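Colleague: If it helps, the file is called run_31.txt and holds compact mmCIF, C-alpha atoms:
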```txt
# COMPACT_ATOMS: atom_id res chain seq x y z
CA MET A 1067 31.97 1.08 11.81
CA ASP A 1068 33.49 4.45 11.16
CA ASN A 1069 31.45 6.54 8.80
CA LYS A 1070 29.43 3.60 7.63
CA ILE A 1071 25.76 2.86 7.98
CA SER A 1072 23.96 -0.43 7.51
CA ILE A 1073 20.73 -0.88 5.62
CA LYS A 1074 18.33 -3.79 5.93
CA LEU A 1075 16.85 -5.29 2.80
CA PHE A 1076 13.57 -7.12 2.39
CA GLY A 1077 11.82 -9.17 -0.26
CA ASN A 1078 13.26 -9.35 -3.75
CA LEU A 1079 15.85 -6.69 -2.85
CA SER A 1080 17.79 -9.03 -0.60
CA GLU A 1081 17.60 -11.64 -3.33
CA LEU A 1082 18.90 -9.15 -5.88
CA ILE A 1083 21.87 -8.08 -3.75
CA ASN A 1084 22.19 -11.51 -2.15
CA ALA A 1085 22.32 -10.07 1.37
CA HIS A 1086 19.84 -9.16 4.09
CA GLU A 1087 21.95 -6.21 5.11
CA ILE A 1088 24.34 -3.93 3.26
CA VAL A 1089 26.81 -1.35 4.52
CA ILE A 1090 27.43 1.94 2.73
CA ASP A 1091 29.28 5.19 3.45
CA PHE A 1092 27.36 7.36 5.89
CA LYS A 1093 25.88 10.61 4.63
CA THR A 1094 24.23 13.24 6.77
CA THR A 1095 21.06 13.73 4.76
CA PHE A 1096 18.55 11.25 3.45
CA PHE A 1097 18.85 12.38 -0.17
CA GLU A 1098 22.67 12.18 -0.09
CA LEU A 1099 22.46 8.76 1.45
CA LYS A 1100 20.05 7.71 -1.27
CA ASP A 1101 22.52 8.90 -3.94
CA GLU A 1102 25.31 7.00 -2.21
CA LEU A 1103 23.18 3.85 -2.10
CA TYR A 1104 22.43 4.02 -5.82
CA LEU A 1105 26.10 4.73 -6.54
CA GLN A 1106 27.20 1.60 -4.71
CA PHE A 1107 24.23 -0.55 -5.74
CA PRO A 1108 23.07 0.79 -9.10
CA MET A 1109 20.76 -2.21 -9.59
CA LEU A 1110 18.57 -0.84 -6.79
CA GLU A 1111 17.71 2.28 -8.72
CA LYS A 1112 15.26 0.46 -11.00
CA GLN A 1113 13.60 -1.33 -8.10
CA GLU A 1114 10.38 -0.31 -6.41
CA PHE A 1115 10.65 0.19 -2.66
CA VAL A 1116 10.27 2.77 0.07
CA PHE A 1117 12.78 3.87 2.69
CA ALA A 1118 12.04 3.41 6.35
CA ILE A 1119 14.21 5.48 8.65
CA ASN A 1120 13.87 4.68 12.35
CA GLN A 1121 10.70 2.66 11.72
CA LYS A 1122 9.06 5.45 9.78
CA ILE A 1123 8.40 5.56 6.06
CA THR A 1124 10.29 8.54 4.72
CA HIS A 1125 9.85 10.34 1.42
CA GLU A 1126 11.14 13.85 2.04
CA ASN A 1127 14.72 14.84 2.75
CA SER A 1128 15.86 14.85 6.36
CA ILE A 1129 18.97 14.81 8.53
CA ILE A 1130 20.17 11.32 9.33
CA ASN A 1131 21.83 10.20 12.52
CA GLN A 1132 24.55 7.58 12.18
CA ASN A 1133 22.64 5.29 14.54
CA ALA A 1134 19.56 5.47 12.34
CA GLU A 1135 17.89 2.19 11.45
CA ILE A 1136 17.33 2.11 7.73
CA ALA A 1137 15.35 -0.47 5.82
CA LEU A 1138 14.35 -0.78 2.19
CA LEU A 1139 10.80 -2.05 1.88
CA PRO A 1140 9.54 -3.39 -1.42
CA PRO A 1141 5.86 -4.04 -2.08
CA PHE A 1142 4.53 -7.61 -1.83
CA SER A 1143 1.40 -8.84 -3.52
CA GLY A 1144 1.27 -12.61 -3.01
CA GLY A 1145 -1.71 -14.08 -1.28
CA MET B 498 -21.04 -18.94 25.48
CA GLN B 499 -19.38 -22.24 26.47
CA ARG B 500 -17.97 -22.41 22.94
CA PHE B 501 -15.93 -19.23 23.45
CA ILE B 502 -15.00 -19.66 27.12
CA ARG B 503 -11.26 -20.00 26.43
CA GLN B 504 -11.11 -16.62 24.76
CA THR B 505 -13.59 -14.75 26.94
CA ILE B 506 -11.46 -15.50 30.02
CA LEU B 507 -8.53 -13.72 28.36
CA PRO B 508 -7.48 -10.36 29.81
CA ASN B 509 -9.17 -7.43 28.04
CA PHE B 510 -11.63 -9.75 26.36
CA GLY B 511 -14.65 -11.06 28.25
CA ASN B 512 -18.25 -11.34 27.12
CA GLU B 513 -18.22 -7.75 26.02
CA ALA B 514 -15.58 -8.40 23.36
CA GLN B 515 -17.35 -11.59 22.35
CA GLN B 516 -20.54 -9.62 21.81
CA LYS B 517 -18.64 -7.20 19.57
CA LEU B 518 -17.44 -10.11 17.44
CA LEU B 519 -20.97 -11.47 17.22
CA ASN B 520 -22.29 -8.07 16.11
CA SER B 521 -19.66 -7.54 13.43
CA LYS B 522 -19.66 -8.16 9.69
CA VAL B 523 -16.32 -8.93 8.09
CA LEU B 524 -15.61 -9.19 4.37
CA VAL B 525 -12.70 -11.40 3.32
CA ILE B 526 -11.68 -10.83 -0.28
CA GLY B 527 -9.74 -13.76 -1.70
CA ALA B 528 -10.12 -17.31 -0.36
CA GLY B 529 -6.60 -18.43 -1.19
CA GLY B 530 -3.41 -18.90 0.79
CA LEU B 531 -4.10 -15.96 3.12
CA GLY B 532 -7.89 -16.18 2.99
CA CYS B 533 -8.22 -19.84 4.04
CA PRO B 534 -6.44 -19.61 7.43
CA CYS B 535 -7.80 -16.12 8.03
CA LEU B 536 -11.39 -17.26 7.44
CA GLN B 537 -11.03 -20.28 9.70
CA TYR B 538 -9.86 -18.19 12.63
CA LEU B 539 -12.46 -15.49 12.02
CA VAL B 540 -15.33 -17.97 11.88
CA SER B 541 -14.18 -19.99 14.88
CA SER B 542 -13.76 -16.79 16.93
CA GLY B 543 -17.49 -16.12 16.62
CA ILE B 544 -17.78 -13.26 14.13
CA GLY B 545 -21.48 -12.77 13.40
CA GLU B 546 -21.41 -12.42 9.63
CA ILE B 547 -18.68 -13.09 7.09
CA GLY B 548 -18.61 -12.41 3.36
CA ILE B 549 -16.20 -14.30 1.10
CA VAL B 550 -15.40 -13.00 -2.38
CA ASP B 551 -13.51 -15.19 -4.83
CA GLY B 552 -14.33 -15.96 -8.46
CA ASP B 553 -11.56 -18.52 -8.82
CA ASN B 554 -11.92 -22.29 -8.92
CA ILE B 555 -9.81 -24.69 -6.89
CA ASP B 556 -6.80 -26.09 -8.74
CA ILE B 557 -4.63 -28.99 -7.64
CA SER B 558 -1.67 -26.59 -7.26
CA ASN B 559 -3.66 -24.59 -4.64
CA LEU B 560 -3.98 -27.43 -2.16
CA GLN B 561 -0.50 -27.17 -0.56
CA ARG B 562 -1.44 -23.78 0.90
CA GLN B 563 -5.20 -23.21 0.65
CA ILE B 564 -6.01 -25.41 3.60
CA LEU B 565 -9.81 -25.19 3.57
CA PHE B 566 -9.85 -27.28 0.40
CA THR B 567 -9.32 -30.98 -0.23
CA THR B 568 -8.62 -33.09 -3.29
CA ASN B 569 -12.36 -33.62 -3.77
CA ASP B 570 -12.87 -29.86 -4.16
CA ILE B 571 -10.77 -29.46 -7.30
CA GLY B 572 -12.78 -27.54 -9.88
CA LYS B 573 -15.23 -26.04 -7.38
CA ASN B 574 -15.51 -22.31 -6.75
CA LYS B 575 -13.36 -21.17 -3.82
CA ALA B 576 -15.92 -18.88 -2.13
CA ALA B 577 -18.71 -21.46 -2.32
CA SER B 578 -16.49 -24.31 -1.18
CA ALA B 579 -15.06 -22.23 1.68
CA LYS B 580 -18.60 -21.43 2.82
CA ASP B 581 -19.47 -25.16 3.05
CA LYS B 582 -16.38 -25.89 5.16
CA LEU B 583 -16.82 -22.89 7.40
CA ASN B 584 -20.47 -23.67 8.09
CA ASP B 585 -19.29 -26.86 9.77
CA ILE B 586 -16.85 -24.95 11.98
CA HIS B 587 -19.45 -22.61 13.45
CA PRO B 588 -22.96 -22.93 12.04
CA SER B 589 -24.18 -19.74 13.76
CA THR B 590 -21.87 -17.49 11.77
CA LYS B 591 -23.81 -16.22 8.78
CA ILE B 592 -21.66 -16.74 5.71
CA ASN B 593 -22.29 -15.05 2.38
CA SER B 594 -20.28 -16.34 -0.54
CA PHE B 595 -19.69 -14.26 -3.64
CA PRO B 596 -18.37 -16.58 -6.38
CA ILE B 597 -17.15 -13.59 -8.39
CA PHE B 598 -14.03 -11.48 -8.73
CA ILE B 599 -14.23 -8.05 -7.17
CA ASP B 600 -14.07 -5.28 -9.77
CA GLU B 601 -14.82 -1.59 -10.29
CA LYS B 602 -18.50 -2.31 -10.85
CA ASN B 603 -19.29 -4.47 -7.81
CA ALA B 604 -16.69 -3.35 -5.23
CA SER B 605 -18.57 -0.45 -3.60
CA GLU B 606 -21.82 -2.38 -3.31
CA ILE B 607 -20.23 -5.45 -1.73
CA ILE B 608 -17.86 -3.58 0.59
CA SER B 609 -20.55 -1.14 1.80
CA LYS B 610 -22.43 -3.97 3.57
CA TYR B 611 -19.54 -4.86 5.91
CA ASP B 612 -17.78 -3.26 8.88
CA VAL B 613 -14.23 -4.46 8.19
CA VAL B 614 -12.50 -5.60 5.00
CA VAL B 615 -9.64 -8.12 4.90
CA ASP B 616 -7.57 -8.02 1.74
CA CYS B 617 -6.35 -11.56 1.01
CA THR B 618 -6.02 -11.07 -2.74
CA ASP B 619 -2.88 -11.61 -4.77
CA ASP B 620 -2.53 -8.81 -7.30
CA PHE B 621 -1.95 -5.10 -6.99
CA LYS B 622 -4.75 -4.01 -9.31
CA THR B 623 -7.35 -5.63 -7.03
CA ARG B 624 -5.54 -4.54 -3.87
CA TYR B 625 -5.57 -0.88 -4.97
CA LEU B 626 -9.23 -1.10 -5.97
CA ILE B 627 -10.13 -2.50 -2.53
CA ASN B 628 -7.95 0.14 -0.87
CA ASP B 629 -9.54 3.02 -2.78
CA VAL B 630 -13.09 1.85 -2.13
CA CYS B 631 -12.30 1.43 1.58
CA VAL B 632 -10.92 4.99 1.63
CA GLU B 633 -14.06 6.27 -0.08
CA LEU B 634 -16.44 4.38 2.23
CA SER B 635 -14.25 4.80 5.38
CA LYS B 636 -14.10 1.03 5.92
CA PRO B 637 -11.23 -0.31 8.06
CA LEU B 638 -8.90 -2.45 5.94
CA ILE B 639 -6.61 -5.26 7.04
CA PHE B 640 -3.94 -5.70 4.37
CA GLY B 641 -1.79 -8.80 4.08
CA ALA B 642 0.68 -9.93 1.44
CA ASN B 643 3.34 -12.58 0.98
CA TYR B 644 6.64 -12.84 -0.82
CA GLN B 645 8.39 -16.18 -0.43
CA PHE B 646 9.46 -16.42 3.24
CA GLU B 647 8.41 -12.88 4.06
CA GLY B 648 5.17 -11.08 4.57
CA GLN B 649 3.48 -7.78 5.25
CA VAL B 650 0.42 -7.03 7.34
CA ALA B 651 -1.00 -3.55 7.81
CA VAL B 652 -4.10 -2.13 9.45
CA PHE B 653 -5.72 0.97 8.01
CA LYS B 654 -8.47 2.13 10.34
CA MET B 655 -9.58 4.83 7.89
CA ASP B 656 -10.17 7.33 10.66
CA ASP B 657 -9.37 11.07 10.40
CA LEU B 658 -6.34 11.04 8.03
CA LYS B 659 -7.44 7.92 6.16
CA ILE B 660 -3.90 6.62 5.92
CA ASN B 661 -3.90 3.83 3.36
CA LEU B 662 -1.85 1.74 0.95
CA ARG B 663 -1.22 4.74 -1.29
CA ASP B 664 0.67 6.44 1.52
CA ILE B 665 3.26 3.69 1.20
CA PHE B 666 3.21 3.06 -2.54
CA PRO B 667 1.18 5.83 -4.24
CA THR B 668 0.56 3.89 -7.44
CA PRO B 669 0.27 0.13 -8.01
CA PRO B 670 3.83 -1.24 -8.20
CA LYS B 671 4.82 -2.57 -11.59
CA GLN B 672 7.30 -5.27 -10.68
CA ALA B 673 4.86 -7.34 -8.69
CA ILE B 674 5.98 -10.93 -8.73
CA ARG B 675 3.04 -13.28 -8.34
CA CYS B 676 3.23 -16.47 -6.34
CA GLU B 677 3.22 -18.48 -9.59
CA GLU B 678 6.73 -17.18 -10.23
CA ALA B 679 7.96 -16.45 -6.71
CA GLY B 680 6.70 -19.58 -4.99
CA ALA B 681 4.68 -19.78 -1.77
CA LEU B 682 4.65 -22.09 1.23
CA GLY B 683 1.40 -22.86 3.03
CA ALA B 684 2.83 -22.54 6.52
CA VAL B 685 4.12 -19.02 5.76
CA LEU B 686 0.75 -17.90 4.38
CA GLY B 687 -0.80 -19.52 7.45
CA ILE B 688 1.16 -17.21 9.73
CA LEU B 689 0.24 -14.14 7.70
CA GLY B 690 -3.45 -15.08 7.34
CA SER B 691 -3.57 -15.70 11.09
CA VAL B 692 -2.02 -12.30 11.78
CA GLN B 693 -4.69 -10.74 9.56
CA ALA B 694 -7.42 -12.60 11.46
CA LEU B 695 -5.87 -11.58 14.77
CA GLU B 696 -5.65 -7.92 13.75
CA THR B 697 -9.30 -8.06 12.62
CA ILE B 698 -10.34 -9.47 16.00
CA LYS B 699 -8.22 -6.87 17.82
CA LEU B 700 -9.78 -4.09 15.77
CA ILE B 701 -13.36 -5.27 16.35
CA THR B 702 -12.87 -5.85 20.08
CA LYS B 703 -11.11 -2.48 20.33
CA GLN B 704 -7.83 -3.76 21.78
CA GLU B 705 -5.54 -0.87 22.50
CA ASP B 706 -2.51 -2.07 20.58
CA CYS B 707 -2.95 -3.06 16.99
CA LEU B 708 -1.01 -2.39 13.81
CA HIS B 709 -2.91 0.86 13.39
CA ASN B 710 -1.40 2.77 10.47
CA GLU B 711 1.64 0.56 10.69
CA ILE B 712 2.99 -2.08 8.38
CA LEU B 713 4.65 -5.16 9.78
CA TYR B 714 7.41 -6.77 7.75
CA LEU B 715 8.06 -10.30 8.81
CA ASN B 716 10.86 -12.61 7.68
CA VAL B 717 10.15 -16.13 8.89
CA ILE B 718 13.55 -17.53 7.97
CA LYS B 719 15.43 -15.17 10.25
CA TYR B 720 12.39 -14.34 12.43
CA GLU B 721 13.12 -10.74 11.87
CA THR B 722 10.32 -8.21 12.09
CA VAL B 723 10.15 -4.50 11.53
CA LYS B 724 7.09 -2.48 12.34
CA ILE B 725 6.98 0.68 10.32
CA LYS B 726 4.84 3.76 10.94
CA ILE B 727 3.01 5.05 7.91
CA THR B 728 2.49 8.77 7.67
CA LYS B 729 0.32 10.70 5.30
CA LYS B 730 2.30 10.96 2.09
CA MET B 731 -0.24 12.64 -0.09
CA PRO B 732 -2.88 14.39 2.00
CA ASP B 733 -4.94 15.12 -1.04
CA ILE B 734 -5.57 12.46 -3.65
CA ARG B 735 -8.56 12.45 -5.93
CA TYR B 736 -9.61 8.96 -6.93
CA LEU B 737 -11.30 8.87 -10.30
CA MET B 738 -13.84 6.22 -11.25
CA SER B 739 -11.51 5.08 -14.02
CA GLY B 740 -9.19 3.81 -11.28
CA LYS B 741 -6.75 6.64 -12.04
CA THR B 742 -5.74 9.10 -9.39
CA ILE B 743 -4.91 12.77 -9.38
CA ILE B 744 -2.33 13.80 -6.85
CA ASN B 745 -2.83 17.33 -5.53
CA LEU B 746 0.23 18.79 -3.82
CA ASN B 747 -0.07 21.46 -1.18
CA VAL B 748 2.50 24.27 -1.06
CA GLU B 749 4.64 22.53 1.58
CA GLU B 750 4.82 19.35 -0.50
CA PHE B 751 5.42 21.35 -3.66
CA LYS B 752 8.39 23.11 -2.03
CA GLY B 753 9.88 19.67 -1.43
CA LYS B 754 9.90 19.16 -5.20
CA ILE B 755 11.86 22.34 -5.96
CA ASN B 756 15.54 21.74 -6.84
CA ASN B 757 14.95 18.03 -6.47
CA PRO B 758 17.05 16.24 -9.10
CA LEU B 759 14.44 13.50 -9.37
CA VAL B 760 11.68 15.94 -10.24
CA GLN B 761 10.86 17.91 -13.39
CA LEU B 762 8.87 21.04 -12.60
CA ILE B 763 6.66 22.20 -15.44
CA ASP B 764 4.98 25.59 -15.65
CA VAL B 765 1.99 25.15 -17.99
CA ARG B 766 1.11 28.85 -18.04
CA ASN B 767 1.74 31.06 -21.08
CA GLU B 768 5.12 32.80 -21.27
CA THR B 769 3.60 36.22 -20.61
CA GLU B 770 1.80 35.30 -17.41
CA LEU B 771 2.82 36.77 -14.07
CA PRO B 772 4.06 36.34 -11.44
CA LYS B 773 7.32 34.78 -12.56
CA VAL B 774 8.45 32.01 -10.27
CA ASP B 775 11.60 32.13 -8.16
CA PHE B 776 12.75 28.56 -8.83
CA GLU B 777 14.01 26.56 -11.78
CA CYS B 778 11.41 24.97 -14.04
CA ILE B 779 10.52 24.32 -17.67
CA GLN B 780 7.78 26.37 -19.25
CA ILE B 781 5.45 24.48 -21.59
CA PRO B 782 2.09 26.23 -22.03
CA LEU B 783 -0.78 23.71 -21.80
CA PRO B 784 -1.94 24.13 -25.45
CA THR B 785 1.57 23.13 -26.62
CA LEU B 786 2.11 20.30 -24.13
CA LYS B 787 1.30 17.51 -26.60
CA GLU B 788 3.78 18.66 -29.22
CA ASN B 789 6.46 19.21 -26.56
CA ILE B 790 5.97 15.92 -24.81
CA HIS B 791 9.57 14.93 -25.67
CA LEU B 792 10.78 17.59 -23.23
CA LEU B 793 9.40 15.55 -20.35
CA ASN B 794 11.52 12.84 -18.76
CA LYS B 795 9.37 9.82 -17.93
CA GLU B 796 12.03 8.54 -15.52
CA LYS B 797 11.49 11.58 -13.33
CA GLU B 798 8.55 12.68 -11.25
CA ILE B 799 6.63 15.31 -13.18
CA VAL B 800 5.18 18.14 -11.11
CA LEU B 801 2.95 20.60 -12.96
CA PHE B 802 1.70 24.00 -11.92
CA CYS B 803 -0.21 26.93 -13.40
CA HIS B 804 -1.95 30.07 -12.12
CA VAL B 805 -4.63 28.55 -9.86
CA GLY B 806 -4.37 24.81 -10.50
CA ILE B 807 -7.00 24.23 -13.18
CA ARG B 808 -4.79 23.92 -16.25
CA SER B 809 -2.22 21.90 -14.33
CA LEU B 810 -4.96 19.45 -13.36
CA GLU B 811 -5.92 19.15 -17.02
CA ALA B 812 -2.26 18.56 -17.86
CA VAL B 813 -2.01 15.77 -15.25
CA GLU B 814 -4.94 13.98 -16.84
CA LEU B 815 -3.47 14.45 -20.31
CA LEU B 816 -0.09 12.99 -19.28
CA GLN B 817 -1.66 10.07 -17.46
CA ASP B 818 -4.36 9.21 -19.99
CA GLU B 819 -2.70 9.85 -23.32
CA PHE B 820 0.98 9.42 -22.56
CA ASP B 821 0.88 6.90 -19.73
CA PHE B 822 3.00 8.93 -17.30
CA GLN B 823 3.03 7.26 -13.88
CA LYS B 824 4.58 9.80 -11.55
CA VAL B 825 2.66 13.01 -12.12
CA SER B 826 1.21 15.50 -9.67
CA HIS B 827 0.25 19.14 -9.60
CA LEU B 828 0.23 22.12 -7.27
CA LYS B 829 -3.28 22.66 -5.96
CA GLY B 830 -4.08 26.36 -6.00
CA GLY B 831 -1.24 27.16 -8.42
CA VAL B 832 1.33 29.95 -8.10
CA VAL B 833 -1.31 32.16 -6.50
CA LYS B 834 -1.40 29.77 -3.55
CA TYR B 835 2.39 29.36 -3.64
CA PHE B 836 3.05 33.11 -3.35
CA SER B 837 0.32 33.64 -0.77
CA MET B 838 2.13 31.20 1.52
CA LYS B 839 5.54 32.83 1.21
```
Could I get this structure in the form of structure tokens?
Modeller:
Amino acid sequence: MDNKISIKLFGNLSELINAHEIVIDFKTTFFELKDELYLQFPMLEKQEFVFAINQKITHENSIINQNAEIALLPPFSGG
Amino acid sequence: MQRFIRQTILPNFGNEAQQKLLNSKVLVIGAGGLGCPCLQYLVSSGIGEIGIVDGDNIDISNLQRQILFTTNDIGKNKAASAKDKLNDIHPSTKINSFPIFIDEKNASEIISKYDVVVDCTDDFKTRYLINDVCVELSKPLIFGANYQFEGQVAVFKMDDLKINLRDIFPTPPKQAIRCEEAGALGAVLGILGSVQALETIKLITKQEDCLHNEILYLNVIKYETVKIKITKKMPDIRYLMSGKTIINLNVEEFKGKINNPLVQLIDVRNETELPKVDFECIQIPLPTLKENIHLLNKEKEIVLFCHVGIRSLEAVELLQDEFDFQKVSHLKGGVVKYFSMK
């Protein structure tokens, strides 16, 4: 996968996109990658979720390695 | 101890761990799909005292997943009915049932009497209330939640940094889909409720590895799990009695908001005040904020600042209370603090 990075989806996000994993163009920073994600999947922009990069919830900008494991984690409330 | 012999012979368990369970008081809030299996495992493990809070009555549509209840229980209160069933499982466990919904008025009093809290509720408003009270009272919280064939479990020990639900999602999410709309399968809730019970037992018996400040995402269709570390997002949050929160940013966090396209920075000082700032922002003096409210973009995160952080705090409250802004914070210590750190 040249210059691509895959992102795992959970909860209603995978339902929305109809996939458990999506592949987007790789970007070197978190914020750029976020922009790229919203560009390719604009329906995600209105959704509530947090980014996990390498098993860590990430809010601030950071450099991303192409091997990074990225997941989009929406909140659940059912009980 | 014959009753518990199978667990006391486990490695890292023994009579010592069993004694810890016996000496502990656990509060389970919500006796529904998560609460029923969780309660059964907690009681049968030999916890000394268990509180159950649930104001709801048993409905026929609950029975496919709320496995403490039978057809004969329809119409009865969940906490009271659960207590009856659990007494049969282990009569020595003291069970207190609270046939009420937890709310702002009763939460602190009920929670303060227990050592560990297990959140088995099903709406964000209650979950955030429980979270905030546990933060305030430093009570360990075992969070669990379900969405269709997926689930989340997290353990917040509430030690030093008091990492909690708000470090993942700072404000109660809006799009919450309840199980009435999303659907729920008993066996899935059974797994999640059991994980919550297990994490509670691990916490009480001081097992080395638990989901401490981590959230587990579990998909039981694909059997895929991710375990995510939670770090302190907002080191300084003031929780108001109204249930609202004030987010205080430190200078480091504030710097992360500068030149961020998703953030609107607002200087609420008067135009003549010094020092001038060295980054892009909009100046709206506090007394004119109401009439200039149209200048603020509700889609963006609003970050306010002033000279020392008093007016900006007032502005946060104004935006939250009167204009229903959701993503608002302010720079604690104001530009004075900002320039002192440069």
Colleague: Mind listing as a ChimeraX atom specification which residues of chain B are within 7 Å of chain A, counting all atoms listed in the file?
Modeller: /B:529-531,617-621,642-644,647,670,673,675-676,724-728,753
Colleague: Only C-alpha atoms, please: the residues just picked out, written as a PDB file, in the coordinates of the input.
Modeller:
```pdb
ATOM      1  CA  GLY B 529      -6.600 -18.430  -1.190  1.00  0.00           C
ATOM      2  CA  GLY B 530      -3.410 -18.900   0.790  1.00  0.00           C
ATOM      3  CA  LEU B 531      -4.100 -15.960   3.120  1.00  0.00           C
ATOM      4  CA  CYS B 617      -6.350 -11.560   1.010  1.00  0.00           C
ATOM      5  CA  THR B 618      -6.020 -11.070  -2.740  1.00  0.00           C
ATOM      6  CA  ASP B 619      -2.880 -11.610  -4.770  1.00  0.00           C
ATOM      7  CA  ASP B 620      -2.530  -8.810  -7.300  1.00  0.00           C
ATOM      8  CA  PHE B 621      -1.950  -5.100  -6.990  1.00  0.00           C
ATOM      9  CA  ALA B 642       0.680  -9.930   1.440  1.00  0.00           C
ATOM     10  CA  ASN B 643       3.340 -12.580   0.980  1.00  0.00           C
ATOM     11  CA  TYR B 644       6.640 -12.840  -0.820  1.00  0.00           C
ATOM     12  CA  GLU B 647       8.410 -12.880   4.060  1.00  0.00           C
ATOM     13  CA  PRO B 670       3.830  -1.240  -8.200  1.00  0.00           C
ATOM     14  CA  ALA B 673       4.860  -7.340  -8.690  1.00  0.00           C
ATOM     15  CA  ARG B 675       3.040 -13.280  -8.340  1.00  0.00           C
ATOM     16  CA  CYS B 676       3.230 -16.470  -6.340  1.00  0.00           C
ATOM     17  CA  LYS B 724       7.090  -2.480  12.340  1.00  0.00           C
ATOM     18  CA  ILE B 725       6.980   0.680  10.320  1.00  0.00           C
ATOM     19  CA  LYS B 726       4.840   3.760  10.940  1.00  0.00           C
ATOM     20  CA  ILE B 727       3.010   5.050   7.910  1.00  0.00           C
ATOM     21  CA  THR B 728       2.490   8.770   7.670  1.00  0.00           C
ATOM     22  CA  GLY B 753       9.880  19.670  -1.430  1.00  0.00           C
TER      23      GLY B 753
END
```
Colleague: Between atom CA of B:Ala577 and atom CA of B:Lys517, what is the distance in Å, rounded to a tenth?
Modeller: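 Atom CA of B:Lys517 lies 26.1 Å from atom CA of B:Ala577.
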Colleague: Give me, please, the distance in Å between atom CA of B:Leu634 and atom CA of B:Val613, quoted to one decimal.
Modeller: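 Answer for the atom CA of B:Leu634 to atom CA of B:Val613 separation: 10.9 Å.
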Colleague: By how many Å are atom CA of B:Asn789 and atom CA of B:Leu828 apart?
Modeller: 20.5 Å
Colleague: Around the point (6.5, 23.1, 2.6) (coordinates from the file), which residues reach within 12 Å if we count all atoms listed in the file? Answer as a ChimeraX atom specification.
Modeller: /A:1126-1127 /B:746-755,828,835,838-839
Colleague: Just checking: using only C-alpha atoms, which residue out of A:Thr1095, A:Gln1132, A:Asn1084, A:Gln1106 ends up closest to A:Asn1069?
Modeller: A:Gln1132
Colleague: Show which residues sit within 9 Å of stretch 685-700 of chain B, as number ranges by chain. Count only C-alpha atoms, and ignore same-chain residues fewer than 3 positions away.
Modeller: A: 1145; B: 518, 523, 530-539, 542, 544, 562-564, 613-617, 637-643, 645-652, 654, 681-682, 703-709, 715, 717
Colleague: Would you please work out which residue, of B:Asp764, B:Asp818, B:Asp581, B:Asp600, is nearest to B:Ile526 when using all atoms listed in the file?
Modeller: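 Closest residue, counting all atoms listed in the file: B:Asp600.
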Colleague: Would you mind telling me which residue in B:Asn569, B:Ser609, B:Ser578, B:Ser541 lies nearest to B:Phe595 when using only C-alpha atoms?
Modeller: B:Ser578
Colleague: Which one of A:Leu1138, A:Ile1073, A:Leu1105, A:Ile1129 sits closest to A:Lys1093 if you count all atoms listed in the file?
Modeller: A:Ile1129
Colleague: Looking at all atoms listed in the file, which of B:Asn710, B:Thr702, B:Thr568, B:Asn603 is the one that sits closest to B:Leu519?
Modeller: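 Once distances to B:Leu519 are computed over all atoms listed in the file, the minimum belongs to B:Thr702.
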Colleague: Because the input lacks atoms here, generate N, CA and C atoms for stretch 1118-1128 of chain A and report them as a PDB file, in the coordinates of the input.
Modeller:
```
ATOM      1  N   ALA A1118      12.494   3.189   4.984  1.00  0.00           N
ATOM      2  CA  ALA A1118      12.040   3.410   6.350  1.00  0.00           C
ATOM      3  C   ALA A1118      13.249   3.848   7.157  1.00  0.00           C
ATOM      4  N   ILE A1119      13.135   4.999   7.786  1.00  0.00           N
ATOM      5  CA  ILE A1119      14.210   5.480   8.650  1.00  0.00           C
ATOM      6  C   ILE A1119      13.662   5.517  10.072  1.00  0.00           C
ATOM      7  N   ASN A1120      14.336   4.815  10.954  1.00  0.00           N
ATOM      8  CA  ASN A1120      13.870   4.680  12.350  1.00  0.00           C
ATOM      9  C   ASN A1120      12.388   4.304  12.407  1.00  0.00           C
ATOM     10  N   GLN A1121      12.058   3.240  11.714  1.00  0.00           N
ATOM     11  CA  GLN A1121      10.700   2.660  11.720  1.00  0.00           C
ATOM     12  C   GLN A1121       9.630   3.621  11.194  1.00  0.00           C
ATOM     13  N   LYS A1122      10.044   4.529  10.331  1.00  0.00           N
ATOM     14  CA  LYS A1122       9.060   5.450   9.780  1.00  0.00           C
ATOM     15  C   LYS A1122       9.295   5.581   8.280  1.00  0.00           C
ATOM     16  N   ILE A1123       8.248   5.417   7.509  1.00  0.00           N
ATOM     17  CA  ILE A1123       8.400   5.560   6.060  1.00  0.00           C
ATOM     18  C   ILE A1123       8.722   7.006   5.735  1.00  0.00           C
ATOM     19  N   THR A1124       9.764   7.195   4.950  1.00  0.00           N
ATOM     20  CA  THR A1124      10.290   8.540   4.720  1.00  0.00           C
ATOM     21  C   THR A1124      10.353   8.825   3.222  1.00  0.00           C
ATOM     22  N   HIS A1125       9.782   9.943   2.827  1.00  0.00           N
ATOM     23  CA  HIS A1125       9.850  10.340   1.420  1.00  0.00           C
ATOM     24  C   HIS A1125      10.654  11.630   1.250  1.00  0.00           C
ATOM     25  N   GLU A1126      10.494  12.542   2.198  1.00  0.00           N
ATOM     26  CA  GLU A1126      11.140  13.850   2.040  1.00  0.00           C
ATOM     27  C   GLU A1126      12.546  13.813   2.645  1.00  0.00           C
ATOM     28  N   ASN A1127      13.349  14.781   2.252  1.00  0.00           N
ATOM     29  CA  ASN A1127      14.720  14.840   2.750  1.00  0.00           C
ATOM     30  C   ASN A1127      14.741  15.134   4.246  1.00  0.00           C
ATOM     31  N   SER A1128      15.736  14.586   4.929  1.00  0.00           N
ATOM     32  CA  SER A1128      15.860  14.850   6.360  1.00  0.00           C
ATOM     33  C   SER A1128      17.289  14.566   6.801  1.00  0.00           C
TER      34      SER A1128
END
```
